[in-house]
>>> print(open('protein.txt').read())   # compact mmCIF, C-alpha atoms
# COMPACT_ATOMS: atom_id res chain seq x y z
CA MET A 82 27.12 -35.60 -5.98
CA HIS A 83 26.63 -32.46 -8.03
CA GLY A 84 25.63 -30.66 -4.86
CA PHE A 85 29.23 -30.61 -3.71
CA ALA A 86 30.90 -30.14 -7.07
CA ASN A 87 28.95 -26.97 -7.80
CA PRO A 88 29.67 -25.05 -4.58
CA ALA A 89 33.37 -25.84 -5.01
CA ARG A 90 33.40 -24.34 -8.48
CA PHE A 91 31.31 -21.44 -7.21
CA LEU A 92 33.80 -20.73 -4.42
CA ARG A 93 36.73 -20.74 -6.84
CA ILE A 94 35.06 -18.04 -8.92
CA ALA A 95 33.55 -16.12 -5.98
CA ARG A 96 36.91 -15.75 -4.28
CA TRP A 97 38.20 -13.30 -6.89
CA LEU A 98 34.82 -12.02 -8.14
CA THR A 99 33.65 -10.76 -4.71
CA PRO A 100 36.40 -8.16 -4.13
CA LEU A 101 36.33 -7.24 -7.84
CA LEU A 102 32.57 -6.47 -7.79
CA LEU A 103 32.80 -4.60 -4.49
CA LEU A 104 35.80 -2.47 -5.46
CA CYS A 105 34.42 -1.64 -8.92
CA GLY A 106 31.00 -0.94 -7.39
CA ILE A 107 32.39 1.39 -4.75
CA ALA A 108 34.59 3.19 -7.33
CA VAL A 109 31.77 3.61 -9.88
CA THR A 110 29.26 4.70 -7.23
CA ALA A 111 31.68 7.19 -5.68
CA GLY A 112 32.54 8.55 -9.12
CA ALA A 113 28.89 8.90 -10.14
CA LEU A 114 27.89 10.60 -6.87
CA ALA A 115 30.87 12.96 -7.07
CA LEU A 116 30.09 13.77 -10.71
CA GLY A 117 26.47 14.43 -9.77
CA LEU A 118 27.33 16.68 -6.84
CA LEU A 119 29.82 18.64 -8.94
CA THR A 120 27.85 19.00 -12.15
CA PHE A 121 24.15 18.99 -11.27
CA PRO A 122 22.57 22.35 -11.97
CA PRO A 123 19.63 23.17 -9.68
CA GLU A 124 16.45 21.80 -11.21
CA TRP A 125 14.04 24.49 -12.44
CA ILE A 126 11.50 23.86 -9.72
CA GLN A 127 12.92 21.56 -7.05
CA LYS A 128 16.35 23.26 -7.00
CA ASP A 129 19.01 21.44 -4.95
CA ALA A 130 16.62 18.71 -3.82
CA VAL A 131 17.27 17.07 -7.20
CA TYR A 132 20.57 15.68 -5.80
CA ILE A 133 18.54 13.15 -3.82
CA ILE A 134 17.69 11.30 -7.05
CA LEU A 135 21.13 9.60 -6.94
CA VAL A 136 20.48 7.96 -3.55
CA HIS A 137 16.81 7.25 -4.20
CA VAL A 138 16.33 5.76 -7.67
CA PRO A 139 19.22 3.20 -7.63
CA PRO A 140 18.17 1.77 -4.22
CA ALA A 141 14.56 1.63 -5.46
CA TRP A 142 15.63 -0.36 -8.52
CA LEU A 143 17.72 -2.74 -6.41
CA GLY A 144 14.97 -3.21 -3.83
CA MET A 145 12.71 -4.43 -6.64
CA ALA A 146 15.43 -6.30 -8.55
CA GLY A 147 16.45 -8.01 -5.30
CA TRP A 148 12.99 -9.50 -4.88
CA MET A 149 12.92 -10.62 -8.51
CA ALA A 150 16.26 -12.34 -7.88
CA ILE A 151 14.74 -14.10 -4.85
CA ALA A 152 11.70 -15.16 -6.90
CA VAL A 153 13.75 -16.53 -9.82
CA ALA A 154 16.28 -18.27 -7.56
CA SER A 155 13.41 -19.78 -5.54
CA LEU A 156 11.85 -21.15 -8.72
CA VAL A 157 15.17 -22.69 -9.76
CA GLU A 158 15.55 -24.14 -6.26
CA LEU A 159 12.09 -25.70 -6.26
CA VAL A 160 12.09 -27.04 -9.82
CA TRP A 161 15.69 -28.00 -10.51
CA ARG A 162 16.81 -28.49 -6.90
CA HIS A 163 19.95 -26.53 -7.65
CA PRO A 164 21.67 -26.24 -4.24
CA LEU A 165 23.19 -22.85 -4.96
CA ALA A 166 19.88 -21.29 -6.03
CA GLY A 167 18.37 -21.47 -2.55
CA ILE A 168 21.56 -20.02 -1.09
CA ALA A 169 21.52 -17.19 -3.65
CA ALA A 170 17.89 -16.40 -2.82
CA ARG A 171 18.66 -16.19 0.90
CA ALA A 172 21.78 -14.11 0.25
CA ALA A 173 19.83 -11.52 -1.78
CA ALA A 174 17.31 -10.85 1.01
CA LEU A 175 19.37 -8.59 3.26
CA PRO A 176 20.80 -6.29 0.54
CA GLY A 177 17.32 -6.10 -1.02
CA ALA A 178 15.79 -5.10 2.30
CA VAL A 179 18.55 -2.57 3.05
CA PHE A 180 18.13 -0.89 -0.35
CA THR A 181 14.34 -0.86 0.01
CA ALA A 182 14.72 0.83 3.40
CA ILE A 183 17.21 3.36 1.97
CA CYS A 184 14.78 4.07 -0.87
CA LEU A 185 11.93 4.70 1.58
CA ILE A 186 13.99 6.95 3.87
CA THR A 187 15.61 9.03 1.11
CA GLY A 188 12.22 9.24 -0.61
CA SER A 189 10.74 10.64 2.57
CA LEU A 190 13.59 13.13 2.85
CA TRP A 191 12.90 14.11 -0.76
CA GLY A 192 9.15 14.39 -0.31
CA ARG A 193 9.25 16.83 2.61
CA PRO A 194 11.02 19.72 0.83
CA THR A 195 9.40 19.05 -2.56
CA TRP A 196 5.84 17.72 -2.17
CA GLY A 197 5.42 19.22 1.29
CA ALA A 198 4.86 15.85 3.03
CA TRP A 199 7.12 13.19 4.55
CA TRP A 200 4.74 10.42 3.59
CA VAL A 201 1.64 9.99 1.49
CA TRP A 202 -0.44 6.81 1.44
CA ASP A 203 -0.47 6.51 -2.29
CA LEU A 204 -0.10 3.14 -3.96
CA ARG A 205 3.54 3.59 -5.00
CA LEU A 206 4.71 4.39 -1.49
CA THR A 207 2.41 1.87 0.18
CA SER A 208 3.48 -1.01 -2.08
CA MET A 209 7.14 -0.13 -1.53
CA LEU A 210 6.58 -0.24 2.25
CA LEU A 211 4.88 -3.62 1.79
CA LEU A 212 7.98 -4.80 -0.10
CA LEU A 213 10.08 -4.02 2.99
CA PHE A 214 7.72 -6.08 5.16
CA LEU A 215 7.82 -8.92 2.61
CA TYR A 216 11.62 -8.91 2.94
CA PHE A 217 11.31 -9.14 6.74
CA GLY A 218 8.87 -12.04 6.37
CA TYR A 219 11.13 -13.83 3.90
CA MET A 220 14.18 -13.42 6.14
CA ALA A 221 12.23 -14.79 9.12
CA LEU A 222 11.05 -17.83 7.14
CA ALA A 223 14.46 -18.57 5.59
CA GLY A 224 16.23 -18.04 8.91
CA ALA A 225 13.86 -20.40 10.74
CA ALA A 226 14.31 -23.10 8.09
CA GLN A 227 18.08 -22.79 8.43
CA ARG A 228 18.03 -22.92 12.24
CA ASP A 229 15.97 -26.05 12.67
CA GLY A 230 17.28 -27.73 9.56
CA GLY A 231 13.96 -27.65 7.70
CA SER A 232 13.76 -27.26 3.96
CA GLY A 233 13.64 -23.79 2.53
CA ARG A 234 10.53 -24.70 0.56
CA VAL A 235 8.15 -22.45 2.50
CA ALA A 236 10.50 -19.49 2.08
CA ALA A 237 10.90 -20.27 -1.63
CA ILE A 238 7.14 -20.36 -2.20
CA PHE A 239 6.81 -17.12 -0.21
CA GLY A 240 9.52 -15.56 -2.39
CA MET A 241 7.67 -16.51 -5.56
CA LEU A 242 4.24 -15.38 -4.34
CA GLY A 243 5.65 -12.10 -3.05
CA ALA A 244 6.75 -11.22 -6.56
CA ILE A 245 3.13 -10.19 -7.24
CA ASN A 246 4.01 -6.96 -5.46
CA ILE A 247 6.72 -5.98 -7.97
CA PRO A 248 4.43 -5.18 -10.95
CA ILE A 249 2.13 -3.37 -8.49
CA ILE A 250 5.03 -1.13 -7.51
CA HIS A 251 6.11 -0.58 -11.10
CA TYR A 252 2.74 -0.04 -12.78
CA SER A 253 1.04 1.85 -9.93
CA VAL A 254 2.32 5.17 -11.22
CA ILE A 255 1.61 4.31 -14.85
CA TRP A 256 -1.96 3.06 -14.43
CA LEU A 257 -3.12 5.47 -11.74
CA ASN A 258 -2.76 9.15 -11.05
CA LEU A 259 -0.72 9.24 -7.88
CA GLN A 260 1.25 11.69 -5.80
CA HIS A 261 4.42 9.95 -6.97
CA GLN A 262 5.49 10.83 -10.49
CA ARG A 263 5.66 8.41 -13.39
CA PRO A 264 8.93 6.63 -14.20
CA SER A 265 11.44 8.98 -15.77
CA LEU A 266 13.52 6.14 -17.17
CA SER A 267 12.07 3.49 -19.37
CA MET A 268 13.43 1.35 -22.17
CA GLY A 269 14.93 3.58 -24.78
CA ASN A 270 13.75 6.96 -23.55
CA SER A 271 14.27 9.31 -20.70
CA ALA A 272 12.45 12.37 -19.42
CA ILE A 273 15.60 13.42 -17.59
CA ASP A 274 17.93 16.04 -18.98
CA THR A 275 21.31 14.53 -19.91
CA VAL A 276 23.18 16.45 -17.16
CA TYR A 277 21.17 14.46 -14.61
CA LEU A 278 21.00 11.26 -16.64
CA TRP A 279 24.64 10.17 -16.83
CA PRO A 280 25.44 10.39 -13.11
CA LEU A 281 22.14 8.59 -12.41
CA LEU A 282 22.97 5.74 -14.80
CA GLY A 283 26.47 5.55 -13.29
CA ALA A 284 25.05 5.34 -9.77
CA MET A 285 22.63 2.60 -10.88
CA VAL A 286 25.51 0.54 -12.31
CA GLY A 287 27.69 1.19 -9.24
CA PHE A 288 25.03 0.29 -6.68
CA SER A 289 24.15 -2.82 -8.73
CA LEU A 290 27.79 -3.99 -8.64
CA ILE A 291 27.83 -3.46 -4.86
CA PHE A 292 24.59 -5.45 -4.62
CA GLY A 293 26.19 -8.30 -6.56
CA GLY A 294 29.29 -8.21 -4.34
CA VAL A 295 27.23 -8.31 -1.14
CA VAL A 296 25.17 -11.23 -2.47
CA LEU A 297 28.42 -13.14 -3.12
CA LEU A 298 29.73 -12.27 0.37
CA ARG A 299 26.57 -13.62 1.95
CA MET A 300 26.50 -16.74 -0.25
CA ARG A 301 30.07 -17.51 0.82
CA ALA A 302 29.11 -17.02 4.47
CA ILE A 303 26.10 -19.37 4.16
CA LEU A 304 28.19 -22.01 2.32
CA ALA A 305 31.01 -21.83 4.85
CA ASP A 306 28.55 -22.19 7.73
CA GLN A 307 26.89 -25.18 6.10
CA GLN A 308 30.21 -26.89 5.43
CA ALA A 309 31.49 -26.23 8.95
CA ASN A 310 28.26 -27.55 10.48
CA ALA A 311 28.30 -30.65 8.28
CA ARG A 312 31.91 -31.37 9.17
CA LEU A 313 31.35 -30.89 12.90
CA ARG A 314 28.31 -33.16 12.77
CA ARG A 315 30.32 -35.85 10.95
CA LYS A 316 33.11 -35.60 13.50
CA ALA A 317 30.63 -35.87 16.36
CA MET A 318 29.09 -38.97 14.77
CA ALA A 319 32.53 -40.50 14.24
CA GLY A 320 33.38 -39.71 17.85
CA VAL A 321 30.20 -41.42 19.10
CA GLY A 322 30.90 -44.42 16.85
CA ALA A 323 34.51 -44.72 18.09
CA GLY A 324 33.35 -44.38 21.71
CA ALA A 325 30.80 -47.17 21.27
CA ALA A 326 33.35 -49.45 19.62
CA SER A 327 36.03 -49.17 22.32
CA MET B 133 8.58 -30.14 24.04
CA ALA B 134 11.67 -29.27 22.05
CA ALA B 135 10.24 -31.22 19.12
CA ILE B 136 6.93 -29.38 19.20
CA LYS B 137 8.24 -25.86 19.51
CA PRO B 138 9.90 -25.50 16.09
CA LYS B 139 6.75 -26.89 14.50
CA HIS B 140 4.67 -24.21 16.19
CA GLN B 141 7.21 -21.65 15.18
CA ARG B 142 6.96 -22.71 11.54
CA LEU B 143 3.17 -22.61 11.75
CA VAL B 144 3.26 -19.05 13.08
CA LEU B 145 5.71 -18.05 10.36
CA ALA B 146 3.58 -19.64 7.66
CA LEU B 147 0.57 -17.73 9.00
CA ILE B 148 2.56 -14.48 8.96
CA ALA B 149 3.59 -15.23 5.38
CA LEU B 150 -0.01 -15.92 4.42
CA ALA B 151 -1.09 -12.67 6.08
CA ALA B 152 1.55 -10.76 4.10
CA ILE B 153 0.32 -12.26 0.82
CA LEU B 154 -3.28 -11.46 1.73
CA ALA B 155 -2.21 -7.92 2.64
CA ALA B 156 -0.68 -7.58 -0.84
CA GLY B 157 -3.91 -8.71 -2.44
CA ALA B 158 -5.99 -6.43 -0.24
CA LEU B 159 -3.68 -3.56 -1.08
CA ALA B 160 -4.14 -4.12 -4.80
CA THR B 161 -7.94 -4.25 -4.42
CA TRP B 162 -8.00 -1.19 -2.18
CA ALA B 163 -5.81 0.68 -4.63
CA LEU B 164 -7.97 -0.08 -7.63
CA ARG B 165 -11.20 0.87 -5.86
CA ASN B 166 -10.03 3.78 -3.77
CA GLN B 167 -7.07 5.43 -5.43
CA ALA B 168 -8.44 5.41 -8.96
CA SER B 169 -11.80 6.86 -7.94
CA TYR B 170 -10.50 9.38 -5.42
CA PHE B 171 -8.06 11.07 -7.72
CA TYR B 172 -9.57 13.51 -10.20
CA VAL B 173 -8.00 15.51 -12.97
CA PRO B 174 -9.83 18.74 -13.86
CA SER B 175 -11.61 17.37 -16.94
CA GLU B 176 -12.98 14.47 -14.87
CA ILE B 177 -14.19 16.73 -12.08
CA VAL B 178 -15.98 18.93 -14.63
CA ALA B 179 -17.49 16.07 -16.64
CA ASN B 180 -18.43 13.85 -13.73
CA PRO B 181 -18.34 15.81 -10.46
CA PRO B 182 -18.02 13.87 -7.18
CA ASP B 183 -20.63 14.19 -4.40
CA LEU B 184 -20.27 17.54 -2.68
CA ASP B 185 -19.46 16.11 0.76
CA ARG B 186 -16.99 13.52 -0.48
CA ALA B 187 -13.30 14.11 0.14
CA VAL B 188 -11.39 13.70 -3.10
CA ARG B 189 -8.06 14.66 -4.55
CA LEU B 190 -7.66 17.00 -7.47
CA GLY B 191 -4.41 16.84 -9.39
CA GLY B 192 -3.22 18.97 -12.26
CA MET B 193 -1.11 21.88 -13.32
CA VAL B 194 -1.28 25.28 -11.58
CA GLU B 195 -2.19 27.66 -14.39
CA MET B 196 0.22 30.45 -15.25
CA GLY B 197 -0.70 33.75 -13.63
CA SER B 198 -3.57 32.26 -11.66
CA ILE B 199 -2.21 32.34 -8.07
CA GLU B 200 -3.88 35.12 -6.09
CA MET B 201 -3.76 35.98 -2.42
CA GLU B 202 -6.99 37.01 -0.75
CA ALA B 203 -7.21 40.09 1.47
CA ASP B 204 -6.87 38.03 4.68
CA GLY B 205 -3.31 37.09 3.69
CA VAL B 206 -3.70 33.34 4.26
CA THR B 207 -6.22 32.24 1.66
CA ILE B 208 -4.84 31.42 -1.78
CA ARG B 209 -6.91 31.16 -4.94
CA PHE B 210 -5.58 29.53 -8.06
CA VAL B 211 -6.73 27.54 -11.06
CA VAL B 212 -5.82 23.92 -11.72
CA GLY B 213 -5.90 22.88 -15.36
CA ASP B 214 -5.11 19.83 -17.43
CA GLY B 215 -5.17 21.35 -20.91
CA THR B 216 -8.89 20.79 -21.48
CA ALA B 217 -10.66 21.86 -18.26
CA ARG B 218 -9.93 24.34 -15.48
CA VAL B 219 -11.05 24.18 -11.86
CA PRO B 220 -10.76 27.13 -9.46
CA VAL B 221 -9.29 26.14 -6.09
CA ARG B 222 -9.32 27.87 -2.72
CA PHE B 223 -6.85 26.94 -0.02
CA LYS B 224 -6.29 28.44 3.40
CA GLY B 225 -2.90 27.72 4.90
CA LEU B 226 0.75 27.26 4.13
CA ALA B 227 1.46 26.01 0.60
CA PRO B 228 4.48 23.74 0.00
CA SER B 229 7.63 25.38 -1.26
CA LEU B 230 7.32 23.83 -4.70
CA PHE B 231 3.84 25.26 -5.20
CA VAL B 232 4.49 27.50 -8.19
CA GLU B 233 2.68 28.42 -11.37
CA GLY B 234 3.31 26.00 -14.20
CA SER B 235 4.02 23.07 -11.91
CA GLY B 236 1.98 20.15 -10.64
CA VAL B 237 -0.22 20.17 -7.57
CA VAL B 238 -2.41 17.69 -5.69
CA ALA B 239 -5.21 19.30 -3.65
CA GLU B 240 -7.16 17.30 -1.07
CA GLY B 241 -10.59 18.59 -0.25
CA LYS B 242 -14.19 18.85 -1.43
CA LEU B 243 -16.00 20.40 -4.34
CA ALA B 244 -18.27 23.31 -3.34
CA LYS B 245 -21.66 24.05 -4.90
CA ASP B 246 -20.32 26.90 -7.02
CA GLY B 247 -17.74 24.60 -8.65
CA THR B 248 -14.82 25.85 -6.58
CA PHE B 249 -12.63 23.17 -5.06
CA ILE B 250 -12.09 23.86 -1.35
CA ALA B 251 -8.72 22.33 -0.49
CA ASP B 252 -7.73 21.56 3.08
CA ASN B 253 -4.37 20.13 2.13
CA LEU B 254 -2.04 21.04 -0.69
CA LEU B 255 0.90 19.02 -1.98
CA ALA B 256 3.24 19.90 -4.80
CA ARG B 257 3.61 17.24 -7.44
CA HIS B 258 6.72 16.87 -9.51
CA ASP B 259 6.36 15.24 -12.90
CA GLU B 260 8.78 12.78 -14.46
CA ASN B 261 10.66 15.49 -16.33
CA TYR B 262 13.90 16.82 -14.91
CA VAL B 263 14.89 20.14 -16.43
CA PRO B 264 17.84 22.30 -15.34
CA ARG B 265 16.98 25.84 -14.34
CA GLU B 266 19.19 27.43 -17.02
CA LEU B 267 17.41 25.53 -19.75
CA GLN B 268 14.11 26.50 -18.22
CA ASP B 269 14.97 30.19 -18.26
CA MET B 270 16.16 30.02 -21.84
CA THR B 271 13.22 28.38 -23.48
CA GLU B 272 9.74 29.10 -22.22
CA HIS B 273 8.63 27.39 -25.41
CA GLN B 274 10.19 24.09 -24.48
CA LYS B 275 8.55 24.08 -21.08
CA ASP B 276 5.14 24.52 -22.71
CA ALA B 277 5.96 21.51 -24.87
CA VAL B 278 7.02 19.51 -21.83
CA ILE B 279 3.89 20.44 -19.89
CA SER B 280 1.51 19.68 -22.74
CA GLU B 281 3.34 16.40 -23.29
CA THR B 282 3.01 15.47 -19.61
CA VAL B 283 -0.65 16.37 -19.38
CA GLY B 284 -1.40 14.85 -22.76
CA ALA B 285 0.20 11.57 -21.70
CA LYS B 286 -2.52 10.99 -19.07
CA MET C 61 1.65 32.02 1.99
CA ARG C 62 4.30 29.66 0.78
CA GLU C 63 6.57 27.55 2.94
CA ILE C 64 10.26 28.34 2.53
CA ILE C 65 12.45 25.24 2.92
CA ASP C 66 16.16 24.99 2.34
CA PRO C 67 16.55 21.53 0.73
CA LEU C 68 20.24 21.25 1.65
CA PRO C 69 19.81 19.59 5.10
CA PHE C 70 17.49 17.05 3.46
CA VAL C 71 20.06 16.36 0.75
CA ILE C 72 22.82 15.87 3.33
CA ALA C 73 20.65 13.54 5.43
CA ALA C 74 19.67 11.50 2.35
CA TYR C 75 23.31 11.05 1.30
CA ALA C 76 24.31 10.12 4.86
CA ILE C 77 21.61 7.43 4.95
CA GLY C 78 22.32 6.19 1.43
CA ILE C 79 26.10 6.01 1.73
CA GLY C 80 26.17 5.05 5.42
CA GLY C 81 23.60 2.29 5.00
CA THR C 82 25.37 0.82 1.99
CA ALA C 83 28.79 0.98 3.67
CA ALA C 84 27.48 -0.63 6.87
CA MET C 85 25.90 -3.43 4.83
CA ILE C 86 29.18 -4.13 2.98
CA VAL C 87 31.31 -4.12 6.15
CA TRP C 88 28.88 -6.26 8.14
CA SER C 89 28.49 -8.82 5.34
CA TRP C 90 32.27 -8.94 4.94
CA ILE C 91 32.80 -9.59 8.66
CA LEU C 92 30.14 -12.34 8.67
CA MET C 93 31.77 -13.98 5.65
CA ARG C 94 35.27 -13.87 7.20
CA ARG C 95 33.96 -15.28 10.46
CA ALA C 96 32.12 -18.14 8.68
CA GLU C 97 35.09 -19.03 6.48
CA MET C 98 37.41 -19.02 9.50
CA ARG C 99 35.01 -21.34 11.35
CA ARG C 100 35.12 -23.70 8.36
CA GLU C 101 38.93 -23.72 8.38
CA LYS C 102 38.90 -24.45 12.11
CA SER C 103 36.44 -27.33 11.66
CA ARG C 104 38.86 -28.85 9.15
CA GLU C 105 41.75 -28.83 11.66
CA LEU C 106 39.76 -30.30 14.55
>>> encode(input="protein.txt", output="structure tokens")
Amino acid sequence: MHGFANPARFLRIARWLTPLLLLCGIAVTAGALALGLLTFPPEWIQKDAVYIILVHVPPAWLGMAGWMAIAVASLVELVWRHPLAGIAARAAALPGAVFTAICLITGSLWGRPTWGAWWVWDLRLTSMLLLLFLYFGYMALAGAAQRDGGSGRVAAIFGMLGAINIPIIHYSVIWLNLQHQRPSLSMGNSAIDTVYLWPLLGAMVGFSLIFGGVVLLRMRAILADQQANARLRRKAMAGVGAGAAS
Amino acid sequence: MAAIKPKHQRLVLALIALAAILAAGALATWALRNQASYFYVPSEIVANPPDLDRAVRLGGMVEMGSIEMEADGVTIRFVVGDGTARVPVRFKGLAPSLFVEGSGVVAEGKLAKDGTFIADNLLARHDENYVPRELQDMTEHQKDAVISETVGAK
Amino acid sequence: MREIIDPLPFVIAAYAIGIGGTAAMIVWSWILMRRAEMRREKSREL
């Protein structure tokens, strides 16, 4: 059964890849944040508040990327029935939700001293808040399916449908005039001065590595739980069978 | 009983999921109808002014040298421009700390008969450009380029 | 009248949330993983 061969190979790789991703991620993130704190000059208008960019933009990117990972893994799970895909989708939910929450909180802490408001109901902020609620919904669905042994199909469909929100988040600031500014980083060009750019890119790489490491940690936890449960169930069955025979 | 309960639970969850998807759709519709039509840049407010009693948002750049304090000490007058049109704004209250000339602003309020925008809430708006202060002080010229680029990109 | 805000407390709070939240997530996920893998080892011995 390929369903058992694959997780075994996955575990062999994950065992060394997990600490590697986490340690590299922590080192790169710490380095990028330290570099930013040491070298950032005050921005011409927002002054020291510009530091917040390093703990706002990378979590925002990972909150969105996390849902795209759920959507793609859910598609693979539904179409190809790859057993690891469903596990990967479920493992990405918590880090995605945590980073979305961090993005919302640090954004609020950035908005108060700069815009003059903790929160504004513009489309960018509202759709990001919706993303957090979508994560909660997904985790509830996936958790329920796991508890009563149902299939993860409902959660997978939810994960794919919820991806509609991602282009809304991304294009809201491009298509509409909102309180939130347009993206500063896009393919091939940047509206950010290079002194701010390099620490930001470093923090994005670092947080992404941490995200990958946490997804692997949670995949291993889900796999171990499944294997333990399966083994205990088999033993219980064998026990019942032996009892009936004697 | 134990067999029925998880089924009910799944039904409730599926309904919650459906509600979340519907909320996303409603949000997109609301955004397209409300946000696009409630946010004006100066050239739009001049060309196609909103009804006088309708609360709208005016966003643009605070013109250089336009901020003035009225005699009462709490009312601020300034001009919001977008490179083609200018709208005078009056605001009574505490402006955010990033409210400075040459930077972005979003004013919430209504248009008065004389063409002045009466703001009852003022928010600073940062654009996508991040410029160190030193660089800013050195080249006034570059900032003009950045501002015209930002406004022109609309 | 313009509001005068020192952004530093906001910066400190944002870093505390960003770093603290990330660290808590790593530690918690690590503990869950260790606990699950230990339970699997125990189920093998039973």
>>> closest_residue(input="protein.txt", among="C:Tyr75, C:Ile86, C:Met93, C:Glu101", to="A:Ala115", atoms="all atoms listed in the file")
C:Tyr75
>>> closest_atom_pairs(input="protein.txt", of="chain A", to="chain C", cutoff="7 Å", atoms="only C-alpha atoms", output="tab-separated table")
residue	atom	partner	partner_atom	distance
A:Asp129	CA	C:Pro67	CA	6.2
A:Ala130	CA	C:Pro67	CA	5.4
A:Tyr132	CA	C:Val71	CA	6.6
A:Ile133	CA	C:Val71	CA	5.8
A:Val136	CA	C:Gly78	CA	5.6
A:Ile183	CA	C:Gly78	CA	5.9
A:Thr187	CA	C:Ala74	CA	4.9
A:Leu190	CA	C:Phe70	CA	5.6
A:Trp191	CA	C:Phe70	CA	6.9
A:Pro194	CA	C:Pro67	CA	5.8
A:Val295	CA	C:Ile86	CA	6.2
A:Leu298	CA	C:Met93	CA	5.9
A:Arg299	CA	C:Ser89	CA	6.2
A:Arg301	CA	C:Met93	CA	6.2
A:Ala302	CA	C:Met93	CA	4.2
A:Ala305	CA	C:Glu97	CA	5.2
A:Asp306	CA	C:Ala96	CA	5.5
A:Gln308	CA	C:Arg100	CA	6.5
A:Ala309	CA	C:Arg100	CA	4.5
A:Arg312	CA	C:Ser103	CA	6.6
A:Leu313	CA	C:Ser103	CA	6.3
>>> residues_near_point(input="protein.txt", point="(11.2, -18.6, -8.3)", cutoff="12 Å", atoms="only C-alpha atoms", output="PyMOL selection string")
chain A and resi 148-163+166-167+169-170+234-245
>>> write_last_selection(input="protein.txt", atoms="C-alpha atoms", output="CSV table (one decimal), in the frame of the given file")
chain,number,residue,atom,x,y,z
A,148,TRP,CA,13.0,-9.5,-4.9
A,149,MET,CA,12.9,-10.6,-8.5
A,150,ALA,CA,16.3,-12.3,-7.9
A,151,ILE,CA,14.7,-14.1,-4.8
A,152,ALA,CA,11.7,-15.2,-6.9
A,153,VAL,CA,13.8,-16.5,-9.8
A,154,ALA,CA,16.3,-18.3,-7.6
A,155,SER,CA,13.4,-19.8,-5.5
A,156,LEU,CA,11.8,-21.2,-8.7
A,157,VAL,CA,15.2,-22.7,-9.8
A,158,GLU,CA,15.6,-24.1,-6.3
A,159,LEU,CA,12.1,-25.7,-6.3
A,160,VAL,CA,12.1,-27.0,-9.8
A,161,TRP,CA,15.7,-28.0,-10.5
A,162,ARG,CA,16.8,-28.5,-6.9
A,163,HIS,CA,20.0,-26.5,-7.6
A,166,ALA,CA,19.9,-21.3,-6.0
A,167,GLY,CA,18.4,-21.5,-2.6
A,169,ALA,CA,21.5,-17.2,-3.6
A,170,ALA,CA,17.9,-16.4,-2.8
A,234,ARG,CA,10.5,-24.7,0.6
A,235,VAL,CA,8.2,-22.4,2.5
A,236,ALA,CA,10.5,-19.5,2.1
A,237,ALA,CA,10.9,-20.3,-1.6
A,238,ILE,CA,7.1,-20.4,-2.2
A,239,PHE,CA,6.8,-17.1,-0.2
A,240,GLY,CA,9.5,-15.6,-2.4
A,241,MET,CA,7.7,-16.5,-5.6
A,242,LEU,CA,4.2,-15.4,-4.3
A,243,GLY,CA,5.6,-12.1,-3.0
A,244,ALA,CA,6.8,-11.2,-6.6
A,245,ILE,CA,3.1,-10.2,-7.2
>>> closest_residue(input="protein.txt", among="A:Leu101, A:Leu92, A:Ala284, A:Trp196", to="A:Ile303", atoms="only C-alpha atoms")
A:Leu92
>>> atom_distance(input="protein.txt", atom1="atom CA of A:Arg93", atom2="atom CA of A:Gly294")
14.8 Å
>>> interface_residues(input="protein.txt", of="chain A", to="chain B", cutoff="8 Å", atoms="only C-alpha atoms", output="PyMOL selection string")
chain A and resi 122-128+194-198+203-204+208+211+214-215+218-219+221-222+225+229+235+239+242-243+245-246+249+257-265+272-274+277
>>> write_last_selection(input="protein.txt", atoms="C-alpha atoms", output="tab-separated table (two decimals), in the coordinates of the input")
chain	number	residue	atom	x	y	z
A	122	PRO	CA	22.57	22.35	-11.97
A	123	PRO	CA	19.63	23.17	-9.68
A	124	GLU	CA	16.45	21.80	-11.21
A	125	TRP	CA	14.04	24.49	-12.44
A	126	ILE	CA	11.50	23.86	-9.72
A	127	GLN	CA	12.92	21.56	-7.05
A	128	LYS	CA	16.35	23.26	-7.00
A	194	PRO	CA	11.02	19.72	0.83
A	195	THR	CA	9.40	19.05	-2.56
A	196	TRP	CA	5.84	17.72	-2.17
A	197	GLY	CA	5.42	19.22	1.29
A	198	ALA	CA	4.86	15.85	3.03
A	203	ASP	CA	-0.47	6.51	-2.29
A	204	LEU	CA	-0.10	3.14	-3.96
A	208	SER	CA	3.48	-1.01	-2.08
A	211	LEU	CA	4.88	-3.62	1.79
A	214	PHE	CA	7.72	-6.08	5.16
A	215	LEU	CA	7.82	-8.92	2.61
A	218	GLY	CA	8.87	-12.04	6.37
A	219	TYR	CA	11.13	-13.83	3.90
A	221	ALA	CA	12.23	-14.79	9.12
A	222	LEU	CA	11.05	-17.83	7.14
A	225	ALA	CA	13.86	-20.40	10.74
A	229	ASP	CA	15.97	-26.05	12.67
A	235	VAL	CA	8.15	-22.45	2.50
A	239	PHE	CA	6.81	-17.12	-0.21
A	242	LEU	CA	4.24	-15.38	-4.34
A	243	GLY	CA	5.65	-12.10	-3.05
A	245	ILE	CA	3.13	-10.19	-7.24
A	246	ASN	CA	4.01	-6.96	-5.46
A	249	ILE	CA	2.13	-3.37	-8.49
A	257	LEU	CA	-3.12	5.47	-11.74
A	258	ASN	CA	-2.76	9.15	-11.05
A	259	LEU	CA	-0.72	9.24	-7.88
A	260	GLN	CA	1.25	11.69	-5.80
A	261	HIS	CA	4.42	9.95	-6.97
A	262	GLN	CA	5.49	10.83	-10.49
A	263	ARG	CA	5.66	8.41	-13.39
A	264	PRO	CA	8.93	6.63	-14.20
A	265	SER	CA	11.44	8.98	-15.77
A	272	ALA	CA	12.45	12.37	-19.42
A	273	ILE	CA	15.60	13.42	-17.59
A	274	ASP	CA	17.93	16.04	-18.98
A	277	TYR	CA	21.17	14.46	-14.61
